[in-house]
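**Q** So here's data26.cif, just mmCIF, C-alpha atoms:
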data_model
#
loop_
_atom_site.label_atom_id
_atom_site.label_comp_id
_atom_site.auth_asym_id
_atom_site.auth_seq_id
_atom_site.Cartn_x
_atom_site.Cartn_y
_atom_site.Cartn_z
CA MET A 3 -32.08 18.18 -6.90
CA ALA A 4 -33.03 17.26 -10.44
CA ASP A 5 -32.91 13.55 -9.63
CA ALA A 6 -35.01 14.09 -6.52
CA ALA A 7 -37.61 15.99 -8.48
CA LYS A 8 -37.64 13.31 -11.14
CA ASN A 9 -38.26 10.56 -8.60
CA GLU A 10 -40.90 12.49 -6.71
CA ARG A 11 -44.35 10.92 -6.74
CA PRO A 12 -47.59 12.88 -6.54
CA SER A 13 -49.62 12.78 -3.38
CA ALA A 14 -52.92 12.32 -5.21
CA PRO A 15 -54.90 9.20 -4.34
CA PHE A 16 -53.92 7.21 -7.44
CA ARG A 17 -52.46 3.79 -6.76
CA SER A 18 -49.48 2.39 -8.58
CA ALA A 19 -49.73 -1.08 -10.04
CA LYS A 20 -48.77 -3.88 -7.67
CA SER A 21 -45.71 -5.94 -8.50
CA ARG A 22 -47.60 -9.23 -8.09
CA PRO A 23 -50.96 -9.20 -9.92
CA ALA A 24 -53.77 -11.19 -8.39
CA THR A 25 -54.40 -14.38 -10.35
CA ALA A 26 -58.14 -14.30 -9.67
CA GLU A 27 -58.36 -10.74 -10.90
CA ASP A 28 -56.39 -11.59 -14.03
CA LEU A 29 -58.79 -14.42 -14.77
CA TYR A 30 -61.76 -12.11 -14.25
CA LEU A 31 -60.33 -9.50 -16.62
CA ILE A 32 -59.63 -12.10 -19.29
CA LEU A 33 -63.16 -13.51 -19.04
CA LEU A 34 -64.63 -9.98 -18.95
CA THR A 35 -62.76 -8.89 -22.09
CA VAL A 36 -63.45 -12.09 -24.03
CA ALA A 37 -67.16 -11.96 -23.15
CA SER A 38 -67.45 -8.24 -23.91
CA CYS A 39 -65.69 -8.50 -27.27
CA GLY A 40 -67.53 -11.72 -28.11
CA VAL A 41 -70.98 -10.24 -27.50
CA ARG A 42 -70.19 -7.20 -29.64
CA LEU A 43 -68.75 -9.25 -32.49
CA TRP A 44 -71.77 -11.55 -32.34
CA PHE A 45 -74.13 -8.58 -32.48
CA ALA A 46 -72.27 -6.84 -35.34
CA PHE A 47 -71.85 -9.95 -37.50
CA TRP A 48 -74.97 -12.00 -36.80
CA VAL A 49 -77.69 -9.83 -35.27
CA HIS A 50 -77.37 -6.34 -36.75
CA ILE A 51 -74.80 -6.21 -39.56
CA PRO A 52 -73.64 -2.59 -40.05
CA ARG A 53 -73.17 -2.81 -43.84
CA LEU A 54 -76.93 -3.45 -44.18
CA TYR A 55 -77.72 -0.13 -42.49
CA VAL A 56 -75.70 2.41 -44.47
CA PHE A 57 -78.21 5.27 -44.62
CA SER A 58 -78.60 8.78 -43.21
CA ASP A 59 -75.58 9.63 -41.00
CA MET A 60 -73.92 6.29 -41.73
CA GLU A 61 -74.01 6.97 -45.47
CA ILE A 62 -72.70 10.50 -44.95
CA TYR A 63 -69.72 9.17 -42.97
CA TRP A 64 -68.73 6.84 -45.81
CA HIS A 65 -69.18 9.65 -48.31
CA ARG A 66 -66.91 11.89 -46.22
CA ALA A 67 -64.40 9.04 -45.95
CA ALA A 68 -64.19 8.86 -49.74
CA SER A 69 -63.60 12.63 -49.87
CA LEU A 70 -60.80 12.40 -47.32
CA ALA A 71 -59.22 9.48 -49.14
CA SER A 72 -59.11 11.63 -52.31
CA GLY A 73 -57.49 14.50 -50.38
CA THR A 74 -60.56 16.75 -50.47
CA LEU A 75 -61.33 18.88 -47.40
CA THR A 76 -63.58 21.91 -47.80
CA GLN A 77 -66.00 23.90 -45.67
CA GLU A 78 -68.76 21.58 -46.86
CA THR A 79 -66.98 18.30 -46.15
CA ALA A 80 -65.74 19.64 -42.79
CA PHE A 81 -69.37 20.02 -41.67
CA THR A 82 -69.02 16.43 -40.46
CA PRO A 83 -66.32 15.98 -37.76
CA LEU A 84 -63.31 14.34 -39.37
CA GLY A 85 -62.51 11.64 -36.81
CA TYR A 86 -64.91 8.93 -37.92
CA PRO A 87 -64.54 9.49 -41.69
CA ALA A 88 -60.77 9.23 -41.14
CA PHE A 89 -61.28 5.86 -39.45
CA LEU A 90 -63.46 4.66 -42.34
CA ALA A 91 -60.93 5.93 -44.88
CA LEU A 92 -58.20 4.01 -43.08
CA SER A 93 -60.41 0.92 -43.06
CA THR A 94 -60.83 1.28 -46.83
CA THR A 95 -57.06 1.49 -47.27
CA LEU A 96 -56.37 -1.51 -45.04
CA PHE A 97 -59.24 -3.82 -45.98
CA GLY A 98 -60.14 -2.76 -49.53
CA ALA A 99 -63.30 -4.47 -50.74
CA GLU A 100 -63.85 -5.83 -47.22
CA ARG A 101 -63.89 -2.32 -45.73
CA TYR A 102 -67.35 -2.75 -44.17
CA THR A 103 -66.35 -6.00 -42.47
CA GLY A 104 -63.01 -4.65 -41.31
CA ALA A 105 -64.42 -1.42 -39.89
CA ALA A 106 -67.22 -3.30 -38.09
CA ALA A 107 -64.74 -5.75 -36.54
CA VAL A 108 -62.34 -3.04 -35.34
CA GLN A 109 -65.03 -0.90 -33.71
CA ALA A 110 -66.63 -3.96 -32.08
CA LEU A 111 -63.28 -5.02 -30.59
CA LEU A 112 -62.45 -1.52 -29.36
CA SER A 113 -65.91 -1.24 -27.81
CA GLY A 114 -65.31 -4.60 -26.15
CA LEU A 115 -62.21 -3.20 -24.43
CA VAL A 116 -64.18 -0.41 -22.72
CA PRO A 117 -65.14 -2.53 -19.64
CA LEU A 118 -61.47 -3.45 -19.19
CA LEU A 119 -60.51 0.23 -19.27
CA VAL A 120 -63.26 1.04 -16.77
CA HIS A 121 -61.85 -1.60 -14.41
CA LEU A 122 -58.32 -0.21 -14.76
CA ILE A 123 -59.51 3.37 -14.20
CA VAL A 124 -61.44 2.57 -11.03
CA LYS A 125 -58.73 0.28 -9.65
CA LYS A 126 -56.23 3.13 -9.90
CA VAL A 127 -58.33 5.22 -7.54
CA ALA A 128 -60.53 2.83 -5.55
CA SER A 129 -60.88 -0.75 -4.34
CA ARG A 130 -60.85 -3.88 -6.47
CA ALA A 131 -64.48 -4.53 -5.54
CA ALA A 132 -65.51 -1.10 -6.86
CA ALA A 133 -63.57 -1.73 -10.08
CA THR A 134 -65.25 -5.11 -10.55
CA LEU A 135 -68.70 -3.61 -10.00
CA ALA A 136 -68.16 -0.78 -12.49
CA SER A 137 -66.58 -2.95 -15.20
CA SER A 138 -69.31 -5.59 -14.93
CA MET A 139 -72.00 -2.97 -15.42
CA ALA A 140 -70.10 -1.44 -18.34
CA ALA A 141 -69.91 -4.86 -20.01
CA LEU A 142 -73.70 -5.20 -19.71
CA HIS A 143 -74.40 -1.74 -21.11
CA VAL A 144 -76.77 -2.63 -23.94
CA PRO A 145 -76.74 0.71 -25.87
CA LEU A 146 -73.00 0.45 -26.52
CA VAL A 147 -73.53 -3.10 -27.78
CA VAL A 148 -76.28 -1.87 -30.09
CA TYR A 149 -74.08 0.87 -31.53
CA THR A 150 -71.58 -1.71 -32.77
CA GLY A 151 -74.31 -2.56 -35.29
CA TYR A 152 -74.03 0.88 -36.92
CA PHE A 153 -71.27 2.88 -38.55
CA LEU A 154 -71.55 5.67 -35.98
CA THR A 155 -69.11 7.36 -33.61
CA GLU A 156 -70.32 5.96 -30.27
CA SER A 157 -68.13 2.83 -30.11
CA LEU A 158 -64.87 4.58 -30.99
CA PHE A 159 -65.55 7.65 -28.88
CA SER A 160 -66.30 5.58 -25.79
CA PHE A 161 -63.04 3.66 -26.21
CA PHE A 162 -60.82 6.69 -26.74
CA ILE A 163 -62.34 8.79 -23.94
CA CYS A 164 -61.93 5.86 -21.52
CA LEU A 165 -58.38 5.35 -22.80
CA PHE A 166 -57.71 9.02 -22.10
CA ALA A 167 -59.06 8.72 -18.54
CA TRP A 168 -56.99 5.58 -17.86
CA LEU A 169 -53.81 7.17 -19.22
CA CYS A 170 -54.44 10.21 -17.02
CA ALA A 171 -54.77 7.90 -14.00
CA LYS A 172 -51.63 6.05 -15.04
CA HIS A 173 -49.71 9.30 -15.42
CA ALA A 174 -50.87 10.51 -12.01
CA ALA A 175 -49.58 7.32 -10.38
CA ASP A 176 -46.33 7.15 -12.38
CA PRO A 177 -45.57 10.32 -14.40
CA ARG A 178 -43.96 9.58 -17.74
CA ARG A 179 -43.77 11.79 -20.80
CA TRP A 180 -44.98 9.13 -23.24
CA VAL A 181 -48.07 8.55 -21.11
CA ALA A 182 -48.96 12.24 -21.20
CA ILE A 183 -48.47 12.34 -24.98
CA ALA A 184 -50.56 9.19 -25.49
CA ALA A 185 -53.31 10.65 -23.27
CA GLY A 186 -53.29 13.89 -25.25
CA ALA A 187 -53.44 12.06 -28.58
CA SER A 188 -56.33 9.88 -27.34
CA PHE A 189 -58.30 12.93 -26.30
CA ALA A 190 -57.56 14.83 -29.53
CA TYR A 191 -58.88 11.93 -31.58
CA ALA A 192 -61.93 11.60 -29.31
CA ALA A 193 -62.62 15.30 -29.93
CA ALA A 194 -62.24 14.71 -33.69
CA LEU A 195 -64.96 12.06 -33.34
CA ARG A 196 -67.23 14.16 -31.14
CA PRO A 197 -66.35 17.89 -30.92
CA SER A 198 -68.57 18.16 -27.83
CA ALA A 199 -65.55 16.73 -25.99
CA LEU A 200 -63.97 20.19 -26.33
CA LEU A 201 -66.19 21.25 -23.43
CA PHE A 202 -63.97 19.10 -21.20
CA LEU A 203 -61.06 21.40 -22.04
CA VAL A 204 -63.25 24.44 -21.34
CA LEU A 205 -63.59 23.12 -17.78
CA ALA A 206 -60.26 21.34 -17.33
CA VAL A 207 -57.72 23.91 -18.56
CA PRO A 208 -58.90 26.70 -16.18
CA TRP A 209 -58.99 24.14 -13.34
CA VAL A 210 -55.37 23.13 -14.09
CA LEU A 211 -54.19 26.74 -14.23
CA ARG A 212 -56.08 27.77 -11.09
CA ASN A 213 -55.33 24.74 -8.87
CA LYS A 214 -51.64 24.20 -9.46
CA GLY A 215 -51.21 21.97 -6.44
CA THR A 216 -54.22 19.70 -6.80
CA SER A 217 -53.97 19.47 -10.57
CA ARG A 218 -50.25 18.70 -10.71
CA PRO A 219 -50.62 14.95 -11.45
CA LEU A 220 -52.96 15.71 -14.36
CA ARG A 221 -51.38 18.91 -15.66
CA ALA A 222 -49.21 17.29 -18.33
CA PRO A 223 -51.86 15.05 -19.96
CA ILE A 224 -54.57 17.74 -19.90
CA LEU A 225 -52.33 20.48 -21.31
CA THR A 226 -50.98 18.04 -23.90
CA ALA A 227 -54.57 17.22 -24.88
CA ALA A 228 -55.30 20.95 -25.20
CA GLY A 229 -52.20 21.53 -27.30
CA LEU A 230 -52.80 18.64 -29.71
CA THR A 231 -56.48 19.57 -30.05
CA PHE A 232 -55.50 23.16 -30.85
CA VAL A 233 -53.12 21.90 -33.55
CA LEU A 234 -55.98 19.82 -34.95
CA CYS A 235 -58.32 22.82 -35.01
CA LEU A 236 -55.61 24.94 -36.63
CA GLY A 237 -55.14 22.31 -39.32
CA VAL A 238 -58.86 22.24 -40.10
CA THR A 239 -58.96 26.05 -40.15
CA MET A 240 -56.10 26.20 -42.65
CA ALA A 241 -57.68 23.51 -44.81
CA VAL A 242 -61.16 25.08 -45.05
CA GLY A 243 -59.94 28.67 -45.28
CA ARG A 244 -61.88 30.18 -42.38
CA PRO A 245 -61.61 30.10 -38.56
CA THR A 246 -63.33 27.00 -37.23
CA ALA A 247 -62.97 24.36 -34.60
CA ILE A 248 -62.85 20.66 -35.48
CA ALA A 249 -65.96 20.91 -37.66
CA THR A 250 -68.12 23.63 -39.20
CA ASN A 251 -71.39 22.33 -37.75
CA GLY A 252 -71.10 23.96 -34.31
CA GLY A 253 -73.11 27.06 -35.16
CA VAL A 254 -76.09 25.13 -36.52
CA ASN A 255 -76.09 22.81 -33.50
CA LEU A 256 -76.07 25.79 -31.14
CA TYR A 257 -78.91 27.42 -33.08
CA LEU A 258 -81.03 24.25 -32.91
CA SER A 259 -80.53 24.11 -29.13
CA VAL A 260 -82.31 27.47 -28.64
CA CYS A 261 -84.69 27.59 -31.61
CA GLU A 262 -88.23 26.26 -31.26
CA CYS A 263 -88.22 24.62 -34.68
CA GLY A 264 -88.13 21.13 -36.07
CA GLY A 265 -84.96 21.83 -38.06
CA VAL A 266 -83.15 24.18 -40.42
CA VAL A 267 -83.24 24.26 -44.24
CA PHE A 268 -80.40 25.84 -46.23
CA THR A 269 -80.80 27.32 -49.72
CA LYS A 270 -77.07 27.64 -50.30
CA GLY A 271 -74.31 25.08 -50.18
CA ARG A 272 -73.84 21.88 -52.15
CA GLU A 273 -73.47 19.23 -49.44
CA VAL A 274 -76.04 19.89 -46.68
CA ARG A 275 -79.62 20.92 -47.43
CA ALA A 276 -81.32 20.42 -44.04
CA VAL A 277 -80.38 19.59 -40.45
CA THR A 278 -82.46 18.58 -37.47
CA ALA A 279 -81.71 17.31 -33.97
CA ALA A 280 -83.34 14.59 -31.89
CA PHE A 281 -84.86 17.02 -29.35
CA ASN A 282 -86.20 19.36 -32.05
CA PHE A 283 -87.60 16.52 -34.13
CA ARG A 284 -89.52 15.20 -31.10
CA HIS A 285 -90.82 18.42 -29.63
CA TYR A 286 -91.31 20.93 -32.45
CA LYS A 287 -92.88 21.12 -35.89
CA GLY A 288 -91.94 23.22 -38.88
CA MET A 289 -88.61 24.07 -40.46
CA VAL A 290 -86.79 27.40 -40.55
CA THR A 291 -85.22 28.38 -43.88
CA PHE A 292 -82.02 30.41 -44.23
CA ASP A 293 -80.41 31.80 -47.36
CA ARG A 294 -77.11 30.52 -46.05
CA ALA A 295 -74.93 27.44 -46.25
CA ALA A 296 -75.01 25.04 -43.30
CA GLU A 297 -71.27 25.40 -42.72
CA ASP A 298 -71.51 29.16 -42.04
CA SER A 299 -70.90 28.51 -38.35
CA SER A 300 -70.27 32.12 -37.30
CA PHE A 301 -73.59 33.26 -38.78
CA PHE A 302 -75.64 30.61 -36.98
CA THR A 303 -73.77 31.22 -33.73
CA GLY A 304 -74.75 34.87 -34.01
CA GLU A 305 -78.37 33.93 -34.75
CA ALA A 306 -78.45 31.70 -31.67
CA LEU A 307 -77.07 34.44 -29.44
CA SER A 308 -79.55 36.90 -30.94
CA LEU A 309 -82.48 34.59 -30.11
CA VAL A 310 -81.32 34.28 -26.50
CA ALA A 311 -80.79 38.05 -26.21
CA ARG A 312 -84.36 38.72 -27.38
CA ASP A 313 -85.90 35.96 -25.28
CA PRO A 314 -83.69 34.79 -22.37
CA ALA A 315 -86.45 32.34 -21.35
CA ARG A 316 -85.21 30.12 -24.17
CA LEU A 317 -82.40 29.08 -21.84
CA LEU A 318 -85.04 27.33 -19.73
CA HIS A 319 -85.18 24.74 -22.49
CA SER A 320 -81.92 23.48 -21.05
CA GLY A 321 -83.86 21.70 -18.33
CA SER A 322 -85.79 19.75 -20.95
CA HIS A 323 -82.54 19.05 -22.76
CA LEU A 324 -81.13 17.45 -19.62
CA VAL A 325 -84.25 15.37 -19.07
CA ASP A 326 -84.11 13.94 -22.59
CA GLY A 327 -80.35 13.68 -22.66
CA LEU A 328 -80.16 11.72 -19.40
CA GLY A 329 -82.71 9.25 -20.72
CA LEU A 330 -85.59 10.39 -18.50
CA GLY A 331 -87.96 11.65 -21.18
CA HIS A 332 -90.75 9.81 -22.93
CA THR A 333 -89.51 6.83 -24.93
CA GLY A 334 -91.18 4.51 -27.37
CA ALA A 335 -91.23 3.74 -31.07
CA PHE A 336 -89.80 6.12 -33.68
CA PRO A 337 -89.27 9.05 -33.26
CA ASP A 338 -89.18 8.58 -29.47
CA GLN A 339 -86.54 5.85 -29.28
CA PRO A 340 -83.98 6.76 -26.58
CA TYR A 341 -80.99 6.24 -28.85
CA TRP A 342 -81.18 7.12 -32.55
CA PRO A 343 -81.49 5.16 -34.80
CA GLY A 344 -82.66 2.59 -32.25
CA LEU A 345 -83.03 -1.16 -32.68
CA PRO A 346 -86.05 -2.28 -34.74
CA GLY A 347 -88.41 -4.46 -32.71
CA SER A 348 -86.70 -3.69 -29.39
CA ASP A 349 -88.23 -0.38 -28.36
CA THR A 350 -89.18 -1.65 -24.89
CA LEU A 351 -85.70 -3.04 -24.22
CA MET A 352 -84.04 0.17 -25.36
CA GLY A 353 -86.51 2.22 -23.31
CA VAL A 354 -85.58 0.31 -20.14
CA TYR A 355 -81.88 0.69 -20.79
CA GLY A 356 -82.46 4.34 -21.57
CA ARG A 357 -83.03 4.91 -17.86
CA LEU A 358 -80.68 2.40 -16.24
CA PRO A 359 -77.48 4.42 -16.91
CA PHE A 360 -79.02 7.33 -15.01
CA VAL A 361 -80.16 5.15 -12.11
CA PHE A 362 -76.89 3.26 -11.67
CA GLY A 363 -74.39 5.74 -13.07
CA TRP A 364 -75.22 9.40 -13.41
CA ALA A 365 -77.51 9.89 -10.41
CA PRO A 366 -75.22 8.14 -7.87
CA ALA A 367 -72.13 9.84 -9.28
CA LEU A 368 -73.59 13.35 -9.16
CA VAL A 369 -75.27 12.89 -5.74
CA LEU A 370 -72.17 11.37 -4.14
CA MET A 371 -69.99 14.13 -5.59
CA VAL A 372 -72.25 16.76 -4.01
CA VAL A 373 -72.32 14.85 -0.69
CA ALA A 374 -68.54 14.69 -0.66
CA ARG A 375 -68.34 18.43 -1.31
CA VAL A 376 -70.85 19.25 1.44
CA ARG A 377 -69.15 16.95 3.95
CA ARG A 378 -65.73 18.17 2.82
CA ILE A 379 -64.54 14.68 2.03
CA PRO A 380 -61.60 15.03 -0.38
CA LEU A 381 -61.93 13.06 -3.60
CA GLY A 382 -58.54 14.31 -4.79
CA THR A 383 -57.28 14.28 -8.33
CA ALA A 384 -59.36 11.22 -9.18
CA GLY A 385 -62.61 12.93 -8.28
CA ALA A 386 -61.60 16.05 -10.18
CA LEU A 387 -60.85 14.14 -13.39
CA LEU A 388 -64.08 12.15 -13.34
CA GLY A 389 -66.09 15.20 -12.27
CA LEU A 390 -64.70 17.29 -15.15
CA LEU A 391 -65.57 14.56 -17.65
CA LEU A 392 -69.13 14.31 -16.32
CA GLY A 393 -69.48 18.09 -16.25
CA SER A 394 -68.47 18.34 -19.90
CA VAL A 395 -71.29 15.96 -20.86
CA LEU A 396 -73.87 17.95 -18.91
CA LEU A 397 -72.73 21.11 -20.70
CA ALA A 398 -73.00 19.32 -24.04
CA LEU A 399 -76.54 18.23 -23.24
CA LEU A 400 -77.47 21.77 -22.26
CA PHE A 401 -76.07 23.43 -25.37
CA PHE A 402 -76.48 20.75 -28.03
CA ALA A 403 -80.18 19.95 -27.80
CA GLY A 404 -80.27 17.12 -25.28
CA ASP A 405 -79.49 14.21 -27.59
CA PRO A 406 -78.91 11.01 -25.53
CA ARG A 407 -76.28 10.03 -28.10
CA VAL A 408 -74.10 12.77 -26.64
CA ARG A 409 -74.27 11.00 -23.29
CA VAL A 410 -74.32 7.29 -24.05
CA SER A 411 -70.64 7.09 -24.99
CA MET A 412 -69.75 8.56 -21.58
CA ASP A 413 -71.97 6.22 -19.58
CA PRO A 414 -68.94 4.01 -18.74
CA ILE A 415 -67.25 7.06 -17.19
CA ALA A 416 -70.40 7.72 -15.14
CA LEU A 417 -70.36 4.11 -13.91
CA ALA A 418 -66.68 4.45 -13.02
CA ALA A 419 -67.36 7.71 -11.16
CA ALA A 420 -70.31 6.25 -9.23
CA ALA A 421 -68.24 3.24 -8.09
CA THR A 422 -65.25 5.43 -7.22
CA PHE A 423 -67.20 7.98 -5.21
CA LEU A 424 -69.21 5.28 -3.44
CA ASP A 425 -65.98 3.56 -2.48
CA ALA A 426 -64.48 6.82 -1.20
CA LEU A 427 -67.53 7.74 0.89
CA ALA A 428 -68.86 4.38 2.06
CA GLY A 429 -66.11 1.89 1.28
CA PRO A 430 -64.55 1.80 4.77
CA ARG A 431 -67.97 1.50 6.45
CA ILE A 432 -69.05 -1.28 4.10
CA LEU A 433 -65.78 -3.09 4.75
CA LEU A 434 -66.14 -2.79 8.52
CA ALA A 435 -69.77 -3.93 8.35
CA ALA A 436 -68.77 -6.93 6.22
CA ARG A 437 -66.03 -7.87 8.68
CA GLY A 438 -68.41 -7.53 11.61
CA LEU A 439 -70.99 -9.69 9.86
CA SER A 440 -68.43 -12.37 9.02
CA ARG A 441 -67.19 -12.45 12.61
CA ALA A 442 -70.74 -12.77 13.94
CA VAL A 443 -71.44 -15.66 11.57
CA ALA A 444 -68.16 -17.32 12.50
CA ALA A 445 -68.94 -16.98 16.22
CA ARG A 446 -72.41 -18.50 15.77
CA LEU A 447 -70.98 -21.42 13.82
CA ALA A 448 -68.35 -21.95 16.50
CA ARG A 449 -71.01 -22.12 19.22
CA ARG A 450 -72.82 -24.82 17.24
#
Would you encode the structure as structure tokens?

**A**
Amino acid sequence: MADAAKNERPSAPFRSAKSRPATAEDLYLILLTVASCGVRLWFAFWVHIPRLYVFSDMEIYWHRAASLASGTLTQETAFTPLGYPAFLALSTTLFGAERYTGAAAVQALLSGLVPLLVHLIVKKVASRAAATLASSMAALHVPLVVYTGYFLTESLFSFFICLFAWLCAKHAADPRRWVAIAAGASFAYAAALRPSALLFLVLAVPWVLRNKGTSRPLRAPILTAAGLTFVLCLGVTMAVGRPTAIATNGGVNLYLSVCECGGVVFTKGREVRAVTAAFNFRHYKGMVTFDRAAEDSSFFTGEALSLVARDPARLLHSGSHLVDGLGLGHTGAFPDQPYWPGLPGSDTLMGVYGRLPFVFGWAPALVLMVVARVRRIPLGTAGALLGLLLGSVLLALLFFAGDPRVRVSMDPIALAAAATFLDALAGPRILLAARGLSRAVAARLARR
């Protein structure tokens, strides 16, 4: 019985890898990866060199990296999520004086692998044509290219969240313990880069526990991700001396999402004196001052809940957060660039690409998911995984002030979901129509 259970394969619509890979597809993936990595390396080393733009958040990340390298972790230094400073600290250890060059090269190469991961994700659950469509669009996604020119989290987060999704798909098709552990570790590090990823667990863990049959292929990687992330949060809590998640900035971010102010000023604390958010900076004027330190997360969480309790209409701001976060708001020169800090001299280009991910990724994915639900067309485990990832981003936009940066790293997942759902709903009809068209053309040519 044990051997039978071990050899059992899940019934979810994930496809195992074929024994004989298609030569044409291999060539496409090689060209895709070389081109994607090449464009990003070109941008980071010749167009927009990251070491020339070490200011604001980028400077803070390097400062935090130096603190980590010296073994210092306090409530103040933990205000910045630890994932990216840890990467920069490792780059300093490995590359020494060339740390800027080494870090830029690594994040450009990892960003260049994202289209390959998108192709592998979609191919596990849909047709090769759908995978090719999604990966090609991911390779052309300009904002992720632009972010390789800055020392910011977007490039690494996009890689590790796509790696997590691919490992989940791989585990569903061929369950192995090491795959589940690797998936969990990938997600935990992605959450250390962007704590908003924790909202995926808020959705995914109850889904796993409630739908034991449907979620079986994904149970191990998701619960492993939850366990490793909990260990990470526990480690941060023990280090800073107070209960916290991955970082101590969650309370301030929540407060900014419901407060009609341009930002918050702190009279206490040594590291952080003021914080603002993209949505607040664009839409509101004036700063609110607190006789507190920025890292007092529980206090600012309480203040945010108090504001909502006194004026529930503040929750209506969430609609505006979604508009801005999905790239549909007004865009232009600073401070209205769709992706902070933007690309000097390319406001029009960035404005156009601010809307394209919604048109070709998010809108089709969300509409097709609703259509499938209404028509009771099963999307299986694949649809659940991609839907949970998209849902976590929408929650993050609602509760963390609608910053498009929260979304841009997940645009490849939206493209993968749109291609997958389109293939599930319309793939057979498109295939039949294509066959009918080819037969009609062949018959006409034969008559000639």

**Q** With distances taken over all atoms listed in the file, which residue among A:Leu84, A:Leu118, A:Leu330, A:Ile224 lies nearest A:Ile62?

**A**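 Of all the options, A:Leu84 lies closest to A:Ile62.
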
**Q** When distances are computed from all atoms listed in the file, which of A:Thr79, A:Thr103, A:Pro245, A:Ala91 shows the smallest separation from A:Ala46?

**A**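 Once distances to A:Ala46 are computed over all atoms listed in the file, the minimum belongs to A:Thr103.
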
**Q** Do you know which residues the PyMOL selection byres ((chain A and resi 271) around 12) returns on this file, as an NGL selection string?

**A** :A and (76-79 or 81 or 267-270 or 272-276 or 292-298)

**Q** On this structure, the PyMOL selection byres ((chain A and resi 300-314) around 7) would catch which residues? List them as a list in words, sorted by chain and number.

**A** Gly253, Val254, Leu256, Tyr257, Val260, Asp298, Ser299, Ala315, Arg316 and Leu317 of chain A

**Q** Could you check which of A:Leu90, A:Ala80, A:Leu112, A:Leu96 is closest to A:Val147, using only C-alpha atoms?

**A**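 Smallest separation from A:Val147 among the options: A:Leu112.
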
**Q** As a list of chain:residue names, please: the residues near A:Gly104 (cut-off 12 Å, all atoms listed in the file, same-chain neighbours under 3 positions excluded).

**A** A:Leu43, A:Ala46, A:Phe47, A:Pro52, A:Arg53, A:Phe89, A:Leu90, A:Ala91, A:Leu92, A:Ser93, A:Thr94, A:Thr95, A:Leu96, A:Phe97, A:Gly98, A:Ala99, A:Glu100, A:Arg101, A:Ala107, A:Val108, A:Gln109, A:Ala110, A:Leu111, A:Phe153

**Q** For the residues in the current selection, export C-alpha atoms as an mmCIF file, keeping the file's coordinate frame.

**A**
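Writing done, so here's part.cif:
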data_model
loop_
_atom_site.group_PDB
_atom_site.id
_atom_site.type_symbol
_atom_site.label_atom_id
_atom_site.label_comp_id
_atom_site.auth_asym_id
_atom_site.auth_seq_id
_atom_site.Cartn_x
_atom_site.Cartn_y
_atom_site.Cartn_z
ATOM 1 C CA LEU A 43 -68.750 -9.250 -32.490
ATOM 2 C CA ALA A 46 -72.270 -6.840 -35.340
ATOM 3 C CA PHE A 47 -71.850 -9.950 -37.500
ATOM 4 C CA PRO A 52 -73.640 -2.590 -40.050
ATOM 5 C CA ARG A 53 -73.170 -2.810 -43.840
ATOM 6 C CA PHE A 89 -61.280 5.860 -39.450
ATOM 7 C CA LEU A 90 -63.460 4.660 -42.340
ATOM 8 C CA ALA A 91 -60.930 5.930 -44.880
ATOM 9 C CA LEU A 92 -58.200 4.010 -43.080
ATOM 10 C CA SER A 93 -60.410 0.920 -43.060
ATOM 11 C CA THR A 94 -60.830 1.280 -46.830
ATOM 12 C CA THR A 95 -57.060 1.490 -47.270
ATOM 13 C CA LEU A 96 -56.370 -1.510 -45.040
ATOM 14 C CA PHE A 97 -59.240 -3.820 -45.980
ATOM 15 C CA GLY A 98 -60.140 -2.760 -49.530
ATOM 16 C CA ALA A 99 -63.300 -4.470 -50.740
ATOM 17 C CA GLU A 100 -63.850 -5.830 -47.220
ATOM 18 C CA ARG A 101 -63.890 -2.320 -45.730
ATOM 19 C CA ALA A 107 -64.740 -5.750 -36.540
ATOM 20 C CA VAL A 108 -62.340 -3.040 -35.340
ATOM 21 C CA GLN A 109 -65.030 -0.900 -33.710
ATOM 22 C CA ALA A 110 -66.630 -3.960 -32.080
ATOM 23 C CA LEU A 111 -63.280 -5.020 -30.590
ATOM 24 C CA PHE A 153 -71.270 2.880 -38.550
#

**Q** Which is closer to A:Ser58 than all the others in A:Gly151, A:Gly237, A:Gly321, A:Pro343, using all atoms listed in the file?

**A**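 That would be A:Pro343, the residue with the smallest distance to A:Ser58.
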
**Q** Tell me which residues come within 6 Å of (-80.4, 11.2, -28.3), as a ChimeraX atom specification, counting all atoms listed in the file in the file's coordinates.

**A** /A:280,340-342,405-407

**Q** Counting all atoms listed in the file, write as a PyMOL selection string all protein and nucleic acid residues lying at most 8 Å from (-65.3, 21.2, -36.3) in the file's frame.

**A** chain A and resi 80-84+194+197+235+238+246-252

**Q** Any chance you could resolve the PyMOL selection byres ((chain A and resi 144) around 12) against this file and give the residues as number ranges by chain?

**A** A: 38, 41-42, 45, 113-114, 139-143, 145-151, 157, 341, 344-345, 348, 351-359, 410-411, 413-414

**Q** Please report the interatomic distance between atom CA of A:Val242 and atom CA of A:Asn255 in Å with one decimal.

**A** 19.0 Å

**Q** Taking all atoms listed in the file into account, which of A:Cys170, A:Leu154, A:Leu203, A:Leu396 comes nearest A:Ala228?

**A**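 The shortest atom-to-atom distance to A:Ala228 comes from A:Leu203.
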
**Q** Can you work out which one of A:Ala26, A:Ala192, A:Val116, A:Leu368 has the shortest atom-to-atom distance to A:Cys39, counting all atoms listed in the file?

**A** A:Val116

**Q** Can you measure atom CA of A:Asp425 to atom CA of A:Ser129 for me? One decimal in Å is fine.

**A** 6.9 Å
